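Asker: Input target-v6.tsv, format and content: TSV, N, CA and C atoms.
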```tsv
chain	number	residue	atom	x	y	z
V	1179	MET	N	37.04	14.24	1.71
V	1179	MET	CA	35.60	14.32	1.69
V	1179	MET	C	34.96	14.14	3.07
V	1180	PRO	N	35.65	13.77	4.14
V	1180	PRO	CA	34.99	13.54	5.42
V	1180	PRO	C	34.14	14.71	5.91
V	1181	ASN	N	34.49	15.93	5.56
V	1181	ASN	CA	33.72	17.08	6.02
V	1181	ASN	C	32.76	17.61	4.98
V	1182	ALA	N	32.69	16.96	3.82
V	1182	ALA	CA	31.81	17.43	2.76
V	1182	ALA	C	30.35	17.22	3.14
V	1183	VAL	N	29.53	18.21	2.88
V	1183	VAL	CA	28.10	18.09	3.12
V	1183	VAL	C	27.40	17.75	1.81
V	1184	PHE	N	27.79	18.39	0.72
V	1184	PHE	CA	27.18	18.14	-0.58
V	1184	PHE	C	28.14	17.33	-1.44
V	1185	ILE	N	27.67	16.21	-1.90
V	1185	ILE	CA	28.47	15.33	-2.74
V	1185	ILE	C	27.59	14.82	-3.89
V	1186	THR	N	28.21	14.21	-4.87
V	1186	THR	CA	27.48	13.61	-5.97
V	1186	THR	C	27.38	12.11	-5.71
V	1187	VAL	N	26.18	11.60	-5.65
V	1187	VAL	CA	25.97	10.16	-5.49
V	1187	VAL	C	25.59	9.63	-6.87
V	1188	ASP	N	26.57	9.09	-7.58
V	1188	ASP	CA	26.34	8.54	-8.90
V	1188	ASP	C	26.82	7.09	-8.91
V	1189	GLU	N	26.83	6.46	-10.07
V	1189	GLU	CA	27.22	5.06	-10.18
V	1189	GLU	C	28.62	4.82	-9.62
V	1190	GLU	N	29.57	5.65	-10.00
V	1190	GLU	CA	30.94	5.48	-9.55
V	1190	GLU	C	31.05	5.59	-8.02
V	1191	PHE	N	30.38	6.59	-7.46
V	1191	PHE	CA	30.43	6.81	-6.02
V	1191	PHE	C	29.80	5.65	-5.27
V	1192	LEU	N	28.62	5.21	-5.72
V	1192	LEU	CA	27.92	4.11	-5.06
V	1192	LEU	C	28.75	2.84	-5.12
V	1193	MET	N	29.35	2.54	-6.27
V	1193	MET	CA	30.18	1.34	-6.41
V	1193	MET	C	31.38	1.41	-5.47
V	1194	GLU	N	31.98	2.58	-5.34
V	1194	GLU	CA	33.13	2.76	-4.45
V	1194	GLU	C	32.74	2.50	-3.00
V	1195	LYS	N	31.63	3.08	-2.56
V	1195	LYS	CA	31.18	2.90	-1.17
V	1195	LYS	C	30.84	1.44	-0.88
V	1196	LEU	N	30.21	0.76	-1.82
V	1196	LEU	CA	29.87	-0.65	-1.59
V	1196	LEU	C	31.11	-1.53	-1.60
V	1197	ALA	N	32.09	-1.19	-2.42
V	1197	ALA	CA	33.35	-1.96	-2.44
V	1197	ALA	C	34.11	-1.80	-1.12
V	1198	GLN	N	33.98	-0.63	-0.50
V	1198	GLN	CA	34.67	-0.36	0.77
V	1198	GLN	C	33.90	-0.91	1.98
V	1199	CYS	N	32.66	-1.25	1.79
V	1199	CYS	CA	31.80	-1.67	2.90
V	1199	CYS	C	32.31	-2.97	3.52
V	1200	ARG	N	32.38	-3.00	4.86
V	1200	ARG	CA	32.92	-4.15	5.58
V	1200	ARG	C	31.94	-4.77	6.58
V	1201	ARG	N	30.87	-4.05	6.94
V	1201	ARG	CA	29.98	-4.58	7.98
V	1201	ARG	C	28.54	-4.75	7.51
V	1202	GLN	N	27.94	-3.68	7.00
V	1202	GLN	CA	26.54	-3.77	6.58
V	1202	GLN	C	26.20	-2.62	5.65
V	1203	ALA	N	25.15	-2.83	4.84
V	1203	ALA	CA	24.73	-1.80	3.91
V	1203	ALA	C	23.22	-1.80	3.80
V	1204	CYS	N	22.67	-0.60	3.61
V	1204	CYS	CA	21.24	-0.43	3.38
V	1204	CYS	C	21.07	0.54	2.22
V	1205	TYR	N	20.24	0.16	1.27
V	1205	TYR	CA	19.95	1.00	0.12
V	1205	TYR	C	18.44	1.12	0.02
V	1206	ALA	N	17.93	2.33	0.03
V	1206	ALA	CA	16.50	2.57	-0.13
V	1206	ALA	C	16.33	3.61	-1.22
V	1207	ALA	N	15.56	3.27	-2.24
V	1207	ALA	CA	15.32	4.19	-3.36
V	1207	ALA	C	14.11	3.66	-4.13
V	1208	PRO	N	13.56	4.49	-5.02
V	1208	PRO	CA	12.39	4.02	-5.77
V	1208	PRO	C	12.66	2.71	-6.52
V	1209	GLY	N	13.85	2.57	-7.05
V	1209	GLY	CA	14.24	1.37	-7.78
V	1209	GLY	C	15.75	1.29	-7.86
V	1210	LEU	N	16.24	0.33	-8.62
V	1210	LEU	CA	17.68	0.27	-8.83
V	1210	LEU	C	17.97	-0.28	-10.21
V	1211	GLN	N	19.12	0.08	-10.72
V	1211	GLN	CA	19.57	-0.35	-12.03
V	1211	GLN	C	20.32	-1.67	-11.90
V	1212	VAL	N	20.56	-2.34	-13.02
V	1212	VAL	CA	21.23	-3.64	-13.02
V	1212	VAL	C	22.63	-3.53	-12.42
V	1213	TRP	N	23.37	-2.48	-12.74
V	1213	TRP	CA	24.72	-2.34	-12.20
V	1213	TRP	C	24.70	-2.28	-10.68
V	1214	ALA	N	23.68	-1.64	-10.11
V	1214	ALA	CA	23.56	-1.57	-8.65
V	1214	ALA	C	23.19	-2.93	-8.08
V	1215	ALA	N	22.28	-3.63	-8.76
V	1215	ALA	CA	21.90	-4.97	-8.30
V	1215	ALA	C	23.11	-5.90	-8.29
V	1216	LYS	N	23.95	-5.81	-9.31
V	1216	LYS	CA	25.17	-6.64	-9.36
V	1216	LYS	C	26.09	-6.31	-8.20
V	1217	ALA	N	26.19	-5.03	-7.87
V	1217	ALA	CA	27.04	-4.63	-6.74
V	1217	ALA	C	26.49	-5.18	-5.43
V	1218	PHE	N	25.16	-5.20	-5.27
V	1218	PHE	CA	24.58	-5.76	-4.05
V	1218	PHE	C	24.70	-7.28	-4.00
V	1219	VAL	N	24.67	-7.93	-5.14
V	1219	VAL	CA	24.91	-9.39	-5.17
V	1219	VAL	C	26.32	-9.68	-4.69
V	1220	GLU	N	27.29	-8.93	-5.19
V	1220	GLU	CA	28.68	-9.13	-4.75
V	1220	GLU	C	28.84	-8.81	-3.27
V	1221	LEU	N	28.22	-7.75	-2.82
V	1221	LEU	CA	28.29	-7.38	-1.40
V	1221	LEU	C	27.67	-8.48	-0.53
V	1222	SER	N	26.57	-9.03	-0.97
V	1222	SER	CA	25.92	-10.11	-0.24
V	1222	SER	C	26.82	-11.34	-0.16
V	1223	ARG	N	27.55	-11.60	-1.21
V	1223	ARG	CA	28.51	-12.72	-1.20
V	1223	ARG	C	29.61	-12.48	-0.16
V	1224	ARG	N	30.08	-11.25	-0.09
V	1224	ARG	CA	31.17	-10.92	0.85
V	1224	ARG	C	30.71	-10.88	2.30
V	1225	LEU	N	29.56	-10.23	2.55
V	1225	LEU	CA	29.13	-9.98	3.92
V	1225	LEU	C	28.06	-10.95	4.41
V	1226	GLY	N	27.34	-11.56	3.50
V	1226	GLY	CA	26.20	-12.40	3.86
V	1226	GLY	C	24.92	-11.64	3.59
V	1227	PRO	N	23.86	-12.35	3.17
V	1227	PRO	CA	22.61	-11.67	2.81
V	1227	PRO	C	21.93	-10.96	3.97
V	1228	ASP	N	22.22	-11.38	5.20
V	1228	ASP	CA	21.62	-10.72	6.36
V	1228	ASP	C	22.24	-9.36	6.64
V	1229	ARG	N	23.33	-9.01	5.94
V	1229	ARG	CA	24.01	-7.73	6.14
V	1229	ARG	C	23.70	-6.72	5.04
V	1230	VAL	N	22.80	-7.11	4.13
V	1230	VAL	CA	22.45	-6.25	3.00
V	1230	VAL	C	20.94	-6.04	3.01
V	1231	THR	N	20.52	-4.77	3.03
V	1231	THR	CA	19.10	-4.43	3.01
V	1231	THR	C	18.83	-3.57	1.79
V	1232	VAL	N	17.84	-3.99	0.99
V	1232	VAL	CA	17.42	-3.23	-0.18
V	1232	VAL	C	15.92	-2.95	-0.02
V	1233	ILE	N	15.55	-1.69	-0.18
V	1233	ILE	CA	14.15	-1.26	-0.07
V	1233	ILE	C	13.80	-0.48	-1.33
V	1234	THR	N	12.73	-0.89	-2.01
V	1234	THR	CA	12.32	-0.19	-3.22
V	1234	THR	C	10.79	-0.10	-3.30
V	1235	ASP	N	10.34	0.61	-4.31
V	1235	ASP	CA	8.93	0.68	-4.65
V	1235	ASP	C	8.77	-0.02	-6.00
V	1236	PRO	N	8.25	-1.25	-6.02
V	1236	PRO	CA	8.17	-1.99	-7.29
V	1236	PRO	C	7.01	-1.59	-8.19
V	1237	ASP	N	6.43	-0.43	-7.98
V	1237	ASP	CA	5.32	0.05	-8.80
V	1237	ASP	C	5.77	0.15	-10.26
V	1238	PRO	N	4.92	-0.24	-11.21
V	1238	PRO	CA	5.29	-0.13	-12.63
V	1238	PRO	C	5.68	1.28	-13.05
V	1239	PHE	N	5.13	2.31	-12.39
V	1239	PHE	CA	5.50	3.69	-12.69
V	1239	PHE	C	7.00	3.92	-12.47
V	1240	VAL	N	7.54	3.29	-11.43
V	1240	VAL	CA	8.97	3.42	-11.12
V	1240	VAL	C	9.81	2.94	-12.30
V	1241	MET	N	9.41	1.81	-12.87
V	1241	MET	CA	10.14	1.27	-14.02
V	1241	MET	C	9.91	2.14	-15.26
V	1242	GLN	N	8.69	2.62	-15.43
V	1242	GLN	CA	8.34	3.40	-16.61
V	1242	GLN	C	9.16	4.68	-16.70
V	1243	VAL	N	9.35	5.37	-15.59
V	1243	VAL	CA	10.09	6.64	-15.63
V	1243	VAL	C	11.60	6.42	-15.52
V	1244	GLY	N	12.02	5.20	-15.23
V	1244	GLY	CA	13.45	4.90	-15.26
V	1244	GLY	C	14.17	4.97	-13.93
V	1245	TYR	N	13.45	4.91	-12.81
V	1245	TYR	CA	14.13	4.86	-11.51
V	1245	TYR	C	14.86	3.53	-11.32
V	1246	GLY	N	14.38	2.50	-11.99
V	1246	GLY	CA	14.99	1.18	-11.86
V	1246	GLY	C	14.45	0.27	-12.94
V	1247	THR	N	14.92	-0.98	-12.90
V	1247	THR	CA	14.48	-1.95	-13.90
V	1247	THR	C	13.97	-3.21	-13.22
V	1248	GLU	N	13.07	-3.87	-13.90
V	1248	GLU	CA	12.57	-5.14	-13.42
V	1248	GLU	C	13.69	-6.18	-13.42
V	1249	GLU	N	14.57	-6.09	-14.39
V	1249	GLU	CA	15.72	-7.00	-14.48
V	1249	GLU	C	16.58	-6.93	-13.21
V	1250	ALA	N	16.77	-5.72	-12.68
V	1250	ALA	CA	17.57	-5.56	-11.46
V	1250	ALA	C	16.91	-6.27	-10.28
V	1251	LEU	N	15.58	-6.13	-10.15
V	1251	LEU	CA	14.87	-6.80	-9.07
V	1251	LEU	C	14.93	-8.32	-9.22
V	1252	LYS	N	14.82	-8.80	-10.45
V	1252	LYS	CA	14.92	-10.24	-10.69
V	1252	LYS	C	16.31	-10.77	-10.33
V	1253	LEU	N	17.33	-9.99	-10.61
V	1253	LEU	CA	18.70	-10.39	-10.27
V	1253	LEU	C	18.86	-10.56	-8.76
V	1254	LEU	N	18.31	-9.62	-8.00
V	1254	LEU	CA	18.36	-9.74	-6.54
V	1254	LEU	C	17.62	-10.99	-6.08
V	1255	ALA	N	16.45	-11.25	-6.65
V	1255	ALA	CA	15.66	-12.42	-6.27
V	1255	ALA	C	16.40	-13.72	-6.61
V	1256	GLU	N	17.05	-13.76	-7.76
V	1256	GLU	CA	17.81	-14.95	-8.17
V	1256	GLU	C	18.93	-15.27	-7.20
V	1257	HIS	N	19.43	-14.26	-6.52
V	1257	HIS	CA	20.53	-14.45	-5.57
V	1257	HIS	C	20.06	-14.38	-4.12
V	1258	SER	N	18.76	-14.56	-3.93
V	1258	SER	CA	18.14	-14.63	-2.59
V	1258	SER	C	18.40	-13.41	-1.73
V	1259	ILE	N	18.45	-12.25	-2.35
V	1259	ILE	CA	18.59	-11.00	-1.60
V	1259	ILE	C	17.19	-10.44	-1.42
V	1260	PRO	N	16.70	-10.41	-0.19
V	1260	PRO	CA	15.33	-9.92	0.02
V	1260	PRO	C	15.21	-8.44	-0.30
V	1261	VAL	N	14.09	-8.09	-0.88
V	1261	VAL	CA	13.80	-6.69	-1.21
V	1261	VAL	C	12.56	-6.30	-0.42
V	1262	ARG	N	12.71	-5.32	0.43
V	1262	ARG	CA	11.56	-4.79	1.18
V	1262	ARG	C	10.84	-3.77	0.31
V	1263	ILE	N	9.56	-3.63	0.53
V	1263	ILE	CA	8.74	-2.76	-0.30
V	1263	ILE	C	8.28	-1.54	0.50
V	1264	GLN	N	8.46	-0.37	-0.11
V	1264	GLN	CA	7.96	0.88	0.47
V	1264	GLN	C	7.26	1.67	-0.62
V	1265	PRO	N	5.93	1.52	-0.72
V	1265	PRO	CA	5.20	2.26	-1.75
V	1265	PRO	C	5.42	3.77	-1.64
V	1266	GLY	N	5.57	4.41	-2.79
V	1266	GLY	CA	5.70	5.86	-2.84
V	1266	GLY	C	7.10	6.38	-2.56
V	1267	LEU	N	8.07	5.52	-2.34
V	1267	LEU	CA	9.44	5.95	-2.05
V	1267	LEU	C	10.01	6.69	-3.26
V	1268	ARG	N	10.46	7.92	-3.08
V	1268	ARG	CA	11.00	8.70	-4.19
V	1268	ARG	C	12.34	9.34	-3.87
V	1269	ILE	N	12.86	9.15	-2.67
V	1269	ILE	CA	14.20	9.63	-2.36
V	1269	ILE	C	15.12	8.42	-2.27
V	1270	GLY	N	16.41	8.67	-2.23
V	1270	GLY	CA	17.37	7.59	-2.09
V	1270	GLY	C	18.14	7.75	-0.79
V	1271	VAL	N	18.45	6.62	-0.17
V	1271	VAL	CA	19.28	6.60	1.03
V	1271	VAL	C	20.29	5.47	0.87
V	1272	LEU	N	21.53	5.78	1.12
V	1272	LEU	CA	22.58	4.76	1.12
V	1272	LEU	C	23.28	4.82	2.47
V	1273	ILE	N	23.34	3.69	3.15
V	1273	ILE	CA	24.10	3.57	4.39
V	1273	ILE	C	25.08	2.42	4.17
V	1274	ALA	N	26.35	2.71	4.33
V	1274	ALA	CA	27.39	1.70	4.19
V	1274	ALA	C	28.36	1.89	5.36
V	1275	ASP	N	28.29	0.99	6.31
V	1275	ASP	CA	29.07	1.10	7.54
V	1275	ASP	C	28.78	2.43	8.22
V	1276	ASP	N	29.78	3.31	8.34
V	1276	ASP	CA	29.61	4.59	9.04
V	1276	ASP	C	29.22	5.74	8.11
V	1277	PHE	N	29.01	5.45	6.85
V	1277	PHE	CA	28.67	6.48	5.87
V	1277	PHE	C	27.17	6.48	5.60
V	1278	ALA	N	26.58	7.66	5.48
V	1278	ALA	CA	25.17	7.77	5.11
V	1278	ALA	C	25.00	8.92	4.12
V	1279	ALA	N	24.16	8.70	3.13
V	1279	ALA	CA	23.86	9.74	2.15
V	1279	ALA	C	22.38	9.69	1.80
V	1280	VAL	N	21.80	10.86	1.63
V	1280	VAL	CA	20.43	11.00	1.15
V	1280	VAL	C	20.56	11.69	-0.21
V	1281	PHE	N	19.88	11.15	-1.21
V	1281	PHE	CA	20.05	11.70	-2.56
V	1281	PHE	C	18.76	11.62	-3.35
V	1282	GLY	N	18.71	12.41	-4.40
V	1282	GLY	CA	17.58	12.38	-5.34
V	1282	GLY	C	17.96	11.50	-6.50
V	1283	PRO	N	17.46	10.26	-6.55
V	1283	PRO	CA	17.83	9.37	-7.65
V	1283	PRO	C	17.28	9.87	-8.98
V	1284	PRO	N	18.05	9.71	-10.05
V	1284	PRO	CA	17.57	10.18	-11.34
V	1284	PRO	C	16.51	9.24	-11.93
V	1285	ALA	N	15.54	9.82	-12.57
V	1285	ALA	CA	14.57	9.05	-13.36
V	1285	ALA	C	15.12	9.07	-14.78
V	1286	TYR	N	15.82	8.03	-15.17
V	1286	TYR	CA	16.58	8.03	-16.42
V	1286	TYR	C	15.73	8.26	-17.67
V	1287	ASN	N	14.47	7.90	-17.64
V	1287	ASN	CA	13.63	8.12	-18.82
V	1287	ASN	C	13.09	9.55	-18.88
V	1288	LEU	N	13.27	10.33	-17.81
V	1288	LEU	CA	12.82	11.72	-17.80
V	1288	LEU	C	13.97	12.70	-17.97
V	1289	GLU	N	15.13	12.35	-17.45
V	1289	GLU	CA	16.28	13.25	-17.53
V	1289	GLU	C	17.07	12.95	-18.80
V	1290	LEU	N	16.52	13.36	-19.93
V	1290	LEU	CA	17.17	13.10	-21.21
V	1290	LEU	C	18.44	13.91	-21.37
V	1291	PHE	N	18.50	15.07	-20.73
V	1291	PHE	CA	19.65	15.93	-20.85
V	1291	PHE	C	20.17	16.28	-19.46
V	1292	PRO	N	20.78	15.30	-18.75
V	1292	PRO	CA	21.27	15.60	-17.40
V	1292	PRO	C	22.37	16.65	-17.45
V	1293	ASP	N	22.42	17.45	-16.40
V	1293	ASP	CA	23.46	18.46	-16.30
V	1293	ASP	C	23.98	18.50	-14.87
V	1294	LYS	N	24.92	19.35	-14.62
V	1294	LYS	CA	25.57	19.44	-13.32
V	1294	LYS	C	24.62	19.92	-12.22
V	1295	ARG	N	23.50	20.53	-12.58
V	1295	ARG	CA	22.56	21.01	-11.56
V	1295	ARG	C	21.98	19.85	-10.75
V	1296	SER	N	21.99	18.63	-11.32
V	1296	SER	CA	21.45	17.49	-10.58
V	1296	SER	C	22.30	17.20	-9.35
V	1297	GLU	N	23.56	17.63	-9.35
V	1297	GLU	CA	24.43	17.44	-8.19
V	1297	GLU	C	23.92	18.21	-6.98
V	1298	GLU	N	23.20	19.28	-7.20
V	1298	GLU	CA	22.71	20.11	-6.10
V	1298	GLU	C	21.62	19.42	-5.29
V	1299	ARG	N	21.05	18.33	-5.81
V	1299	ARG	CA	19.95	17.64	-5.13
V	1299	ARG	C	20.46	16.55	-4.19
V	1300	ARG	N	21.75	16.38	-4.05
V	1300	ARG	CA	22.27	15.26	-3.29
V	1300	ARG	C	23.02	15.76	-2.06
V	1301	VAL	N	22.79	15.09	-0.94
V	1301	VAL	CA	23.44	15.47	0.31
V	1301	VAL	C	23.98	14.20	0.94
V	1302	GLY	N	25.18	14.27	1.51
V	1302	GLY	CA	25.75	13.12	2.21
V	1302	GLY	C	26.56	13.59	3.38
V	1303	LYS	N	26.69	12.78	4.39
V	1303	LYS	CA	27.44	13.17	5.58
V	1303	LYS	C	28.06	11.92	6.18
V	1304	GLU	N	29.31	12.02	6.58
V	1304	GLU	CA	30.00	10.94	7.26
V	1304	GLU	C	29.45	10.83	8.68
V	1305	CYS	N	29.14	9.63	9.12
V	1305	CYS	CA	28.57	9.41	10.45
V	1305	CYS	C	29.53	8.56	11.26
V	1306	ARG	N	29.73	8.90	12.47
V	1306	ARG	CA	30.59	8.12	13.36
V	1306	ARG	C	29.80	7.73	14.59
V	1307	SER	N	29.86	6.46	14.93
V	1307	SER	CA	29.20	6.02	16.16
V	1307	SER	C	30.13	6.27	17.35
V	1308	ARG	N	29.54	6.55	18.45
V	1308	ARG	CA	30.36	6.87	19.64
V	1308	ARG	C	30.37	5.74	20.60
```
Can you give me the file's structure in the form of structure tokens?
Answerer:
Amino acid sequence: MPNAVFITVDEEFLMEKLAQCRRQACYAAPGLQVWAAKAFVELSRRLGPDRVTVITDPDPFVMQVGYGTEEALKLLAEHSIPVRIQPGLRIGVLIADDFAAVFGPPAYNLELFPDKRSEERRVGKECRSR
């Protein structure tokens, strides 16, 4: 996958990248699900909370359409993981060490019948520092 431009950023992929992360991670998206919050709690335990950045839009609309859950945000707060706020955020960005991906996060309450076409909305690229 190092040369792949188009990839699928789903739960399995995100969990894999966070498990492999050794230095720092940044996640920016409209919201996050509980499974993602649990992964960031574990990552924060391994790397320290100063190495984990989470940015979301806590607007009730985000929760209503299913971009994330209030429970996930509460879980981060319970574990002292700061959440930065970016109103209007509707794309997703994941940075884990040298990997970066930009993706269209699913609104789970709107995508009742997801299909493979959703894969076409996601782009990722391996980044190397020089």
Asker: Can you tell me, as a ChimeraX atom specification, what residues are no more than 6.5 Å from Pro1208 in chain V when counting only N, CA and C atoms, ignoring any on the same chain fewer than 6 positions away?
Answerer: /V:1233-1236,1240,1245-1246,1267-1270
Asker: Which residues in chain V does DSSP call strand (DSSP E)? List them as a PyMOL selection string.
Answerer: chain V and resi 1203-1206+1230-1234+1261-1263+1270-1274+1277-1281+1301-1304
Asker: Check the smallest atom-to-atom distance from each of V:Val1187, V:Ile1259, V:Ala1285, V:Met1193 to Ser1222 in chain V using only N, CA and C atoms, then report the winner.
Answerer: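 Between V:Val1187, V:Ile1259, V:Ala1285, V:Met1193, the residue approaching Ser1222 in chain V most closely is V:Ile1259.
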Asker: What does the distance from atom C of Phe1239 in chain V to CA of Ile1185 in chain V come to in Å, to one decimal?
Answerer: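 Rounded to one decimal, the two atoms are 26.2 Å apart.
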Asker: What does the distance from CA of Pro1227 in chain V to CA of His1257 in chain V come to in Å, to one decimal?
Answerer: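 Distance between the two atoms: 9.1 Å.
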Asker: Looking only at helix (DSSP H, G or I) from DSSP on the backbone, list the matching residues of chain V as a PyMOL selection string.
Answerer: chain V and resi 1189-1198+1212-1225+1227-1229+1238-1243+1248-1256+1294-1299
Asker: Between V:Leu1192, V:Cys1204, V:Val1261, V:Lys1252, which is the closest to Ala1274 in chain V once you count only N, CA and C atoms?
Answerer: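 Ranking V:Leu1192, V:Cys1204, V:Val1261, V:Lys1252 by distance to Ala1274 in chain V, first place goes to V:Cys1204.
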Asker: Report, in Å to a single decimal, how far apart atom N of Asp1188 in chain V and CA of Val1219 in chain V are.
Answerer: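 Taking CA of Val1219 in chain V as the start and atom N of Asp1188 in chain V as the end point, the length is 18.7 Å.
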Asker: Please determine, counting only C-alpha atoms, which residue among V:Lys1216, V:Arg1200, V:Lys1195, V:Arg1224 has the shortest atom-to-atom distance to Glu1249 in chain V.
Answerer: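 Closest to Glu1249 in chain V, using only C-alpha atoms: V:Lys1216.
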Asker: Quick one: residues within 6.5 Å of Arg1201 in chain V, all atoms listed in the file, excluding same-chain residues fewer than 6 positions away - as a PyMOL selection string?
Answerer: chain V and resi 1225+1229+1275
Asker: Find the residues around Thr1231 in chain V up to 7 Å (only N, CA and C atoms counted), leave out those fewer than 3 positions away in its own chain, and share them as an MDAnalysis selection string.
Answerer: chainID V and resid 1202:1206 1227:1228 1260:1262
